[in-house]
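Engineer: Just passing along the structure, written as structure tokens.
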Amino acid sequence: AQDGYKLWLQYSKIEQPQRAEQYTAYNKNLKLDTGSATAKVIHEELNTAFEGMLNLSPELNGDAPGLLILKTSALPEKLQNQFKALEDLPEDAYAIRATRLDKRDVIVISAASEKGLLYGTFAYLREMQQHKDLSQLDITDAPKIKKRLLNHWDNLDRTIERGYAGFSIWDWHLLPNLIKEEYIDYARANASIGINGTVLNNVNASAYILQEDYLQKVKALADAFRPYGIQVYLTARFSAPIEIGGLQTADPLNAEVQNWWNEKAKEIYTLIPDFGGFLVKANSEGQPGPNNYGRSHVDGANMLAEAVAPYNGIVMWRAFVYSDEKPEDRAKQAYSEFVPFDGKFKDNVLVQVKNGAIDFQPREPFHPLFGAMPETPLMMEFQITQEYLGGMSHLAFLPKLFEETLQADTYAKGAGSTVAKVVDGSLTNTQLTGMAGVSNIGNARNWTGHPFAQANWYGFGRLAWNPELSAKTIAEEWLAQTFTPNPEFVKPMTSLLLDSREAVVNYMTPLGLHHIMAEGHHQGPGPWVKDLGREDWTSVYYHKADSLGIGFDRTSTGSDALAQYAPEIEKAYENIETTPQQYLLWFHHVPWDYKLDNGETLWYNLARKYQDGVEEVEAMINTWQEMKPYVGEQVYEKTRMLLSIQLEEAQWWRDSCLLYFQQFSNKEMPEFIPEAK
Ligand code: GCU
């Protein structure tokens with residue numbers, strides 16, 4: 001792990017003799033039908049992996065294979081019944097088994113499809129990279145979610161909205177002719193964690209991506225990704241019929257407009273038969289949409305859905321909307337706008353909902369739309385790039401945040417109706433399911449800027465495959481593969497990762513505070529931000545600090561956003577006493593002297609949390625210093641320097657927020673807060 005280019009596909013040499021011996025015995029002879037493009041990819045990956053881990057080039061299709069990678073239909077008859085379970089699973093499923101064949105110990109990876117074999121191969125390599133004993137392998141696994149997508153907020157000029165890892169990896173200028181090796185490594189990395197689709201362009205889209213010349217470039221990427229089981233998708237700008245089609249209107253009920261989209265879809269699918277479909281941001285933050293013509297989200301989404309339906313395409317219609325009129329409470333608006341449309345979208349439409357109702361904060365309660373639209377497939381949108389969590393300079397392990405949202409209980413069908421079960425369709429028996437992650441990838445040498453931001457890409461993919469996976473498992477897997485499975489490294493670093501996101505919450509937005517970042521770029525503190533064009537872009541709108549207290553009253557005495565949640569939640573959170581402390585100021589305007597569970601005042605606790613956050617970063621620095629022997633020099637130094645930035649910024653957050661809020665609380669700084677610089 002020197003410069004981090006190879007991500008979690010390091011394939012470092014296996015030093016332990018027993019393991020190396022066992023691995024070599026299984027892998028030196030490989031049975032695989034390399035007839036297809038995907039099978040060739042599997043073969044190449046195994047060659048790379050075995051070369052790195054074992055210094056081994058496996059013999060292909062010799063007499064006595066130790067590793068068999070075969071579609072279930074091609075398995076030797078005597079093995080068939082060991083793989084029966086696959087029959088009832090989706091075609092991406094795979095099974096890996098250590099078993100006996102012709103008096104030999106063998107490993108068999110099987111699946112109904114080539115894609116399944118690819119996923120099975122990567123899962124097998126994941127076991128090896130963690131130095132697991134292969135002789136006991138018995139894994140059957142299937143994705144719980146169908147559409148597992150990255151959303152790139154990449155512009156055609158290669159800038160990236162909210163991107164902190166350089167410029168876009170899509171080199172539009174040199175496409176379609178040049179397929180860079182980065183694209184292939186990107187596809188490998190995604191396939192290895194089960195990601196099966198990518199939206200190439202920003203949600204604030206340029207219509208030009210839909211022009212013939214750009215579509216040729218998109219096709220070139222689609223062709224490169226296809227063997228890896230990755231489909232391409234595009235963000236469609238709603239007004240494209242005007243901007244590139246020469247029409248006067250983009251009204252979704254206008255026949256010419258409909259025809260334009262139908263023809264556009266036909267053109268795309270002629271070039272890219274497995275094109276995934278469209279993502280749309282409409283009537284949100286100035287983007288055009290059906291409301292411009294007095295039409296609804298349903299009208300807009302269904303028009304596009306009809307255009308792509310003949311080719312099995314889908315439309316992902318975003319629910320990130322908030323009206324241009326004076327907002328009552330921005331947190332309420334997506335729900336108010338979308339719930340009335342439940343059941344009205346066409347079958348190939350997913351409504352894509354951010355994890356929380358405001359905007360990718362360090363902590364938000366789950367979005368009230370989850371569980372509230374039982375007749376509509378809801379797709380989860382997480383943000384992998386750290387717009388509100390420190391950009392590229394803060395270490396924050398986001399699977400912990402994702403897990404918190406996914407495991408939250410919506411009570412939509414009684415206790416246990418978690419967000420994960422809404423998103424994976426199991427709660428309402430929904431067939432079309434999806435999860436999107438706003439990418440943190442750029443052309444930085446190590447892909448993500450902060451070396452540990454790679455873990456967030458990895459973790460997103462693993463959770464999109466299985467939203468029930470724990471953040472702890474993901475941390476352990478990622479650390480072992482990226483650095484070393486040595487427990488002296490993995491154990492302390494797993495704790496560090498798992499605590500890291502809470503540290504960010506503590507030093508930025510403790511106790512349910514939110515959206516108090518600096519204006520526009522959202523990096524660094526800005527609780528004083530006010531007087532912007534929109535009230536709900538300011539910080540004072542969200543924290544509402546005054547001489548009486550702090551926090552946004554979303555109970556029945558306030559905006560009543562709470563009423564959008566199930567009665568179980570509404571009842572508990574209506575009362576300060578029974579509101580989870582982590583959401584206190586999200587739902588209540590709390591007096592400065594209000595006593596929390598520990599008997600201390602709100603003011604004291606607020607200060608304590610800010611200080612905890614700073615101390616948690618100090619602890620991360622100490623742990624990292626001990627890790628020096630286990631990691632490469634470059635990654636050690638880079639992370640060390642980034643942690644020192646994180647510490648300075650954590651102190652900055654603490655000092656500026658407390659000094660700012662002190663004008664309202666009018667209270668002494670508790671003694672544990674050092675004099676501000
Ligand atoms: C946030 C973000 C924007 C982005 C928007 C979206 O507001 O700051 O850059 O375009 O979300 O998700 O559409």
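Residue numbering restarts at 1 for every chain of the structure tokens, chains are lettered A, B, ... in their displayed order, and ligands are numbered from 1 as they appear.
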What do you get as a PyMOL selection string if you pick all residues at most 7 Å from ligand 1, counting only C-alpha atoms and all ligand atoms?
Structural biologist: chain A and resi 161-162+203-204+281+320+359
Engineer: Counting only C-alpha atoms, which residues of stretch 339-424 of chain A fall within 10 Å of stretch 633-650 of chain A, and what is the closest atom pair for each with its distance in Å at one decimal, ordered by chain and rising number, as JSON lines?
Structural biologist:
{"residue": "A:Gly390", "atom": "CA", "partner": "A:Gln646", "partner_atom": "CA", "distance": 8.0}
{"residue": "A:Met392", "atom": "CA", "partner": "A:Leu642", "partner_atom": "CA", "distance": 8.6}
{"residue": "A:Ser393", "atom": "CA", "partner": "A:Leu642", "partner_atom": "CA", "distance": 5.5}
{"residue": "A:His394", "atom": "CA", "partner": "A:Gln646", "partner_atom": "CA", "distance": 5.3}
{"residue": "A:Leu395", "atom": "CA", "partner": "A:Leu643", "partner_atom": "CA", "distance": 7.3}
Engineer: For the selection just defined, write its residues with N, CA and C atoms to a file, as a PDB file, in the first residue's frame.
Structural biologist:
ATOM      1  N   GLY A 390     -15.969  17.203   6.025  1.00  0.00           N
ATOM      2  CA  GLY A 390     -14.540  17.510   6.031  1.00  0.00           C
ATOM      3  C   GLY A 390     -13.821  17.357   4.706  1.00  0.00           C
ATOM      4  N   MET A 392     -11.735  16.352   1.719  1.00  0.00           N
ATOM      5  CA  MET A 392     -10.753  15.267   1.611  1.00  0.00           C
ATOM      6  C   MET A 392      -9.842  15.184   2.823  1.00  0.00           C
ATOM      7  N   SER A 393      -9.981  16.122   3.766  1.00  0.00           N
ATOM      8  CA  SER A 393      -8.961  16.134   4.818  1.00  0.00           C
ATOM      9  C   SER A 393      -9.396  15.489   6.128  1.00  0.00           C
ATOM     10  N   HIS A 394     -10.650  15.061   6.236  1.00  0.00           N
ATOM     11  CA  HIS A 394     -11.062  14.428   7.490  1.00  0.00           C
ATOM     12  C   HIS A 394     -11.290  12.932   7.300  1.00  0.00           C
ATOM     13  N   LEU A 395     -10.790  12.175   8.247  1.00  0.00           N
ATOM     14  CA  LEU A 395     -11.031  10.737   8.221  1.00  0.00           C
ATOM     15  C   LEU A 395     -12.376  10.463   8.888  1.00  0.00           C
TER      16      LEU A 395
END
Engineer: For stretch 42-44 of chain A, work out the shell of residues within 12 Å, counting only C-alpha atoms and skipping chain neighbours fewer than 5 positions away, then give it as an NGL selection string.
Structural biologist: :A and (30-37 or 49-51 or 57-61 or 67-70 or 109 or 114-125 or 184 or 188 or 191-192 or 227-229)
Engineer: Any chance you could export the current selection's C-alpha atoms as a compact mmCIF listing (two decimals), in the first residue's frame?
Structural biologist:
# COMPACT_ATOMS: atom_id res chain seq x y z
CA LEU A 30 -7.62 -23.79 -12.63
CA LYS A 31 -10.67 -24.91 -14.54
CA LEU A 32 -12.49 -22.09 -16.29
CA ASP A 33 -14.15 -21.70 -19.68
CA THR A 34 -12.54 -18.51 -20.94
CA GLY A 35 -14.85 -18.14 -23.92
CA SER A 36 -16.59 -14.95 -22.83
CA ALA A 37 -15.38 -11.43 -22.11
CA ALA A 49 -4.00 -11.95 -7.69
CA PHE A 50 -2.10 -15.24 -7.57
CA GLU A 51 1.00 -13.62 -8.96
CA SER A 57 0.69 -18.47 -12.61
CA PRO A 58 -2.05 -21.07 -12.51
CA GLU A 59 -2.25 -23.73 -15.18
CA LEU A 60 -5.48 -23.40 -17.14
CA ASN A 61 -7.75 -26.38 -17.79
CA LEU A 67 -10.05 -24.50 -8.38
CA LEU A 68 -13.14 -24.86 -10.54
CA ILE A 69 -15.06 -21.79 -11.66
CA LEU A 70 -18.08 -23.08 -13.52
CA ILE A 109 -17.05 -21.37 -7.40
CA GLU A 114 -21.08 -15.20 -15.74
CA LYS A 115 -21.67 -12.19 -13.54
CA GLY A 116 -22.27 -14.49 -10.62
CA LEU A 117 -18.95 -16.20 -11.35
CA LEU A 118 -17.23 -12.81 -11.40
CA TYR A 119 -18.70 -11.86 -8.02
CA GLY A 120 -17.84 -15.29 -6.65
CA THR A 121 -14.26 -14.92 -7.82
CA PHE A 122 -13.88 -11.58 -6.11
CA ALA A 123 -15.44 -12.98 -2.95
CA TYR A 124 -12.95 -15.83 -3.03
CA LEU A 125 -10.05 -13.42 -3.44
CA ILE A 184 -10.49 -0.77 -16.31
CA ARG A 188 -12.48 -4.03 -11.44
CA ALA A 191 -17.14 -5.30 -9.68
CA SER A 192 -15.16 -6.56 -6.69
CA PRO A 227 -17.43 -7.40 -19.09
CA TYR A 228 -17.35 -6.27 -15.46
CA GLY A 229 -21.13 -6.35 -15.18
Engineer: Which residues in stretch 126-174 of chain A does DSSP call strand (DSSP E or B)? List them as a list in words.
Structural biologist: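 Checking each residue of stretch 126-174 of chain A, the strand (DSSP E or B) ones are Asp138, Ile139, Thr140, Asp141, Lys147, Arg148, Leu149, Leu150, Asn151, Asp154 and Ile160 of chain A.
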Engineer: Using only C-alpha atoms, which residues sit within 10 Å of A:Ala503 once same-chain residues fewer than 2 positions away are excluded, as a list in words?
Structural biologist: Pro362, Leu395, Ala396, Leu498, Asp499, Ser500, Arg501, Val505, Asn506, Tyr507, Met508, Thr509, Pro510, Lys609, Tyr610, Gln611, Asp612, Gly613, Val614, Glu615, Glu616, Val617, Met620 and Ala650 of chain A
Engineer: Might you pull out every residue within 12 Å of A:Asp171, with only C-alpha atoms counted and same-chain residues fewer than 3 positions away left off, and present them as a ChimeraX atom specification?
Structural biologist: /A:154-159,167-168,174-183,200,214,217-218,220-221,442-443
Engineer: Only N, CA and C atoms, please: the residues just picked out, written as a compact mmCIF listing (two decimals), in the first residue's frame.
Structural biologist:
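Written file, again.txt:
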# COMPACT_ATOMS: atom_id res chain seq x y z
N ASP A 154 -19.99 14.52 -11.89
CA ASP A 154 -18.91 14.99 -12.76
C ASP A 154 -19.46 15.81 -13.91
N ASN A 155 -18.85 16.95 -14.12
CA ASN A 155 -19.26 17.83 -15.22
C ASN A 155 -18.44 17.53 -16.47
N LEU A 156 -18.94 17.99 -17.60
CA LEU A 156 -18.26 17.69 -18.86
C LEU A 156 -16.92 18.41 -18.98
N ASP A 157 -16.71 19.47 -18.19
CA ASP A 157 -15.40 20.14 -18.21
C ASP A 157 -14.44 19.48 -17.21
N ARG A 158 -14.85 18.37 -16.66
CA ARG A 158 -14.06 17.53 -15.73
C ARG A 158 -13.96 18.09 -14.32
N THR A 159 -14.63 19.20 -14.03
CA THR A 159 -14.74 19.56 -12.61
C THR A 159 -15.76 18.61 -11.99
N PHE A 167 -9.81 16.02 -10.54
CA PHE A 167 -10.80 16.19 -11.61
C PHE A 167 -11.44 14.84 -11.95
N SER A 168 -12.43 14.91 -12.80
CA SER A 168 -13.15 13.70 -13.19
C SER A 168 -12.22 12.68 -13.85
N LEU A 174 -10.53 12.82 -24.80
CA LEU A 174 -9.84 11.73 -25.49
C LEU A 174 -10.73 10.52 -25.75
N LEU A 175 -11.93 10.57 -25.24
CA LEU A 175 -12.90 9.53 -25.58
C LEU A 175 -13.52 9.89 -26.93
N PRO A 176 -14.02 8.96 -27.70
CA PRO A 176 -14.11 7.53 -27.41
C PRO A 176 -12.84 6.73 -27.73
N ASN A 177 -11.83 7.38 -28.31
CA ASN A 177 -10.71 6.58 -28.81
C ASN A 177 -9.82 6.00 -27.71
N LEU A 178 -9.61 6.80 -26.67
CA LEU A 178 -8.69 6.32 -25.64
C LEU A 178 -9.43 5.74 -24.44
N ILE A 179 -9.24 4.46 -24.23
CA ILE A 179 -9.76 3.80 -23.03
C ILE A 179 -8.60 3.69 -22.05
N LYS A 180 -8.63 4.53 -21.05
CA LYS A 180 -7.51 4.58 -20.11
C LYS A 180 -7.52 3.37 -19.18
N GLU A 181 -6.35 3.01 -18.70
CA GLU A 181 -6.29 1.87 -17.78
C GLU A 181 -7.08 2.16 -16.50
N GLU A 182 -7.21 3.45 -16.15
CA GLU A 182 -8.02 3.81 -14.98
C GLU A 182 -9.45 3.29 -15.10
N TYR A 183 -9.98 3.33 -16.32
CA TYR A 183 -11.37 2.90 -16.48
C TYR A 183 -11.48 1.41 -16.15
N LEU A 200 -22.79 8.58 -15.13
CA LEU A 200 -21.52 9.23 -15.45
C LEU A 200 -21.48 10.72 -15.17
N TYR A 214 -21.24 13.06 -27.77
CA TYR A 214 -21.00 12.57 -26.41
C TYR A 214 -21.49 11.13 -26.24
N LYS A 217 -18.93 8.69 -26.87
CA LYS A 217 -17.97 8.56 -25.76
C LYS A 217 -18.57 7.69 -24.65
N VAL A 218 -19.85 7.92 -24.40
CA VAL A 218 -20.54 7.12 -23.38
C VAL A 218 -20.54 5.65 -23.79
N ALA A 220 -18.33 4.15 -25.56
CA ALA A 220 -16.99 3.57 -25.38
C ALA A 220 -16.79 3.13 -23.93
N LEU A 221 -17.28 3.94 -23.01
CA LEU A 221 -17.18 3.55 -21.59
C LEU A 221 -18.07 2.33 -21.31
N GLY A 442 -11.92 10.63 -8.02
CA GLY A 442 -11.42 11.61 -8.98
C GLY A 442 -10.13 11.09 -9.59
N ASN A 443 -9.41 11.97 -10.27
CA ASN A 443 -8.17 11.49 -10.90
C ASN A 443 -6.96 11.58 -9.96
Engineer: Just give me the gap between atom CA of A:Gln582 and atom CA of A:Arg363 in Å, one decimal is fine.
Structural biologist: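 Going from atom CA of A:Gln582 over to atom CA of A:Arg363, I get 8.3 Å.
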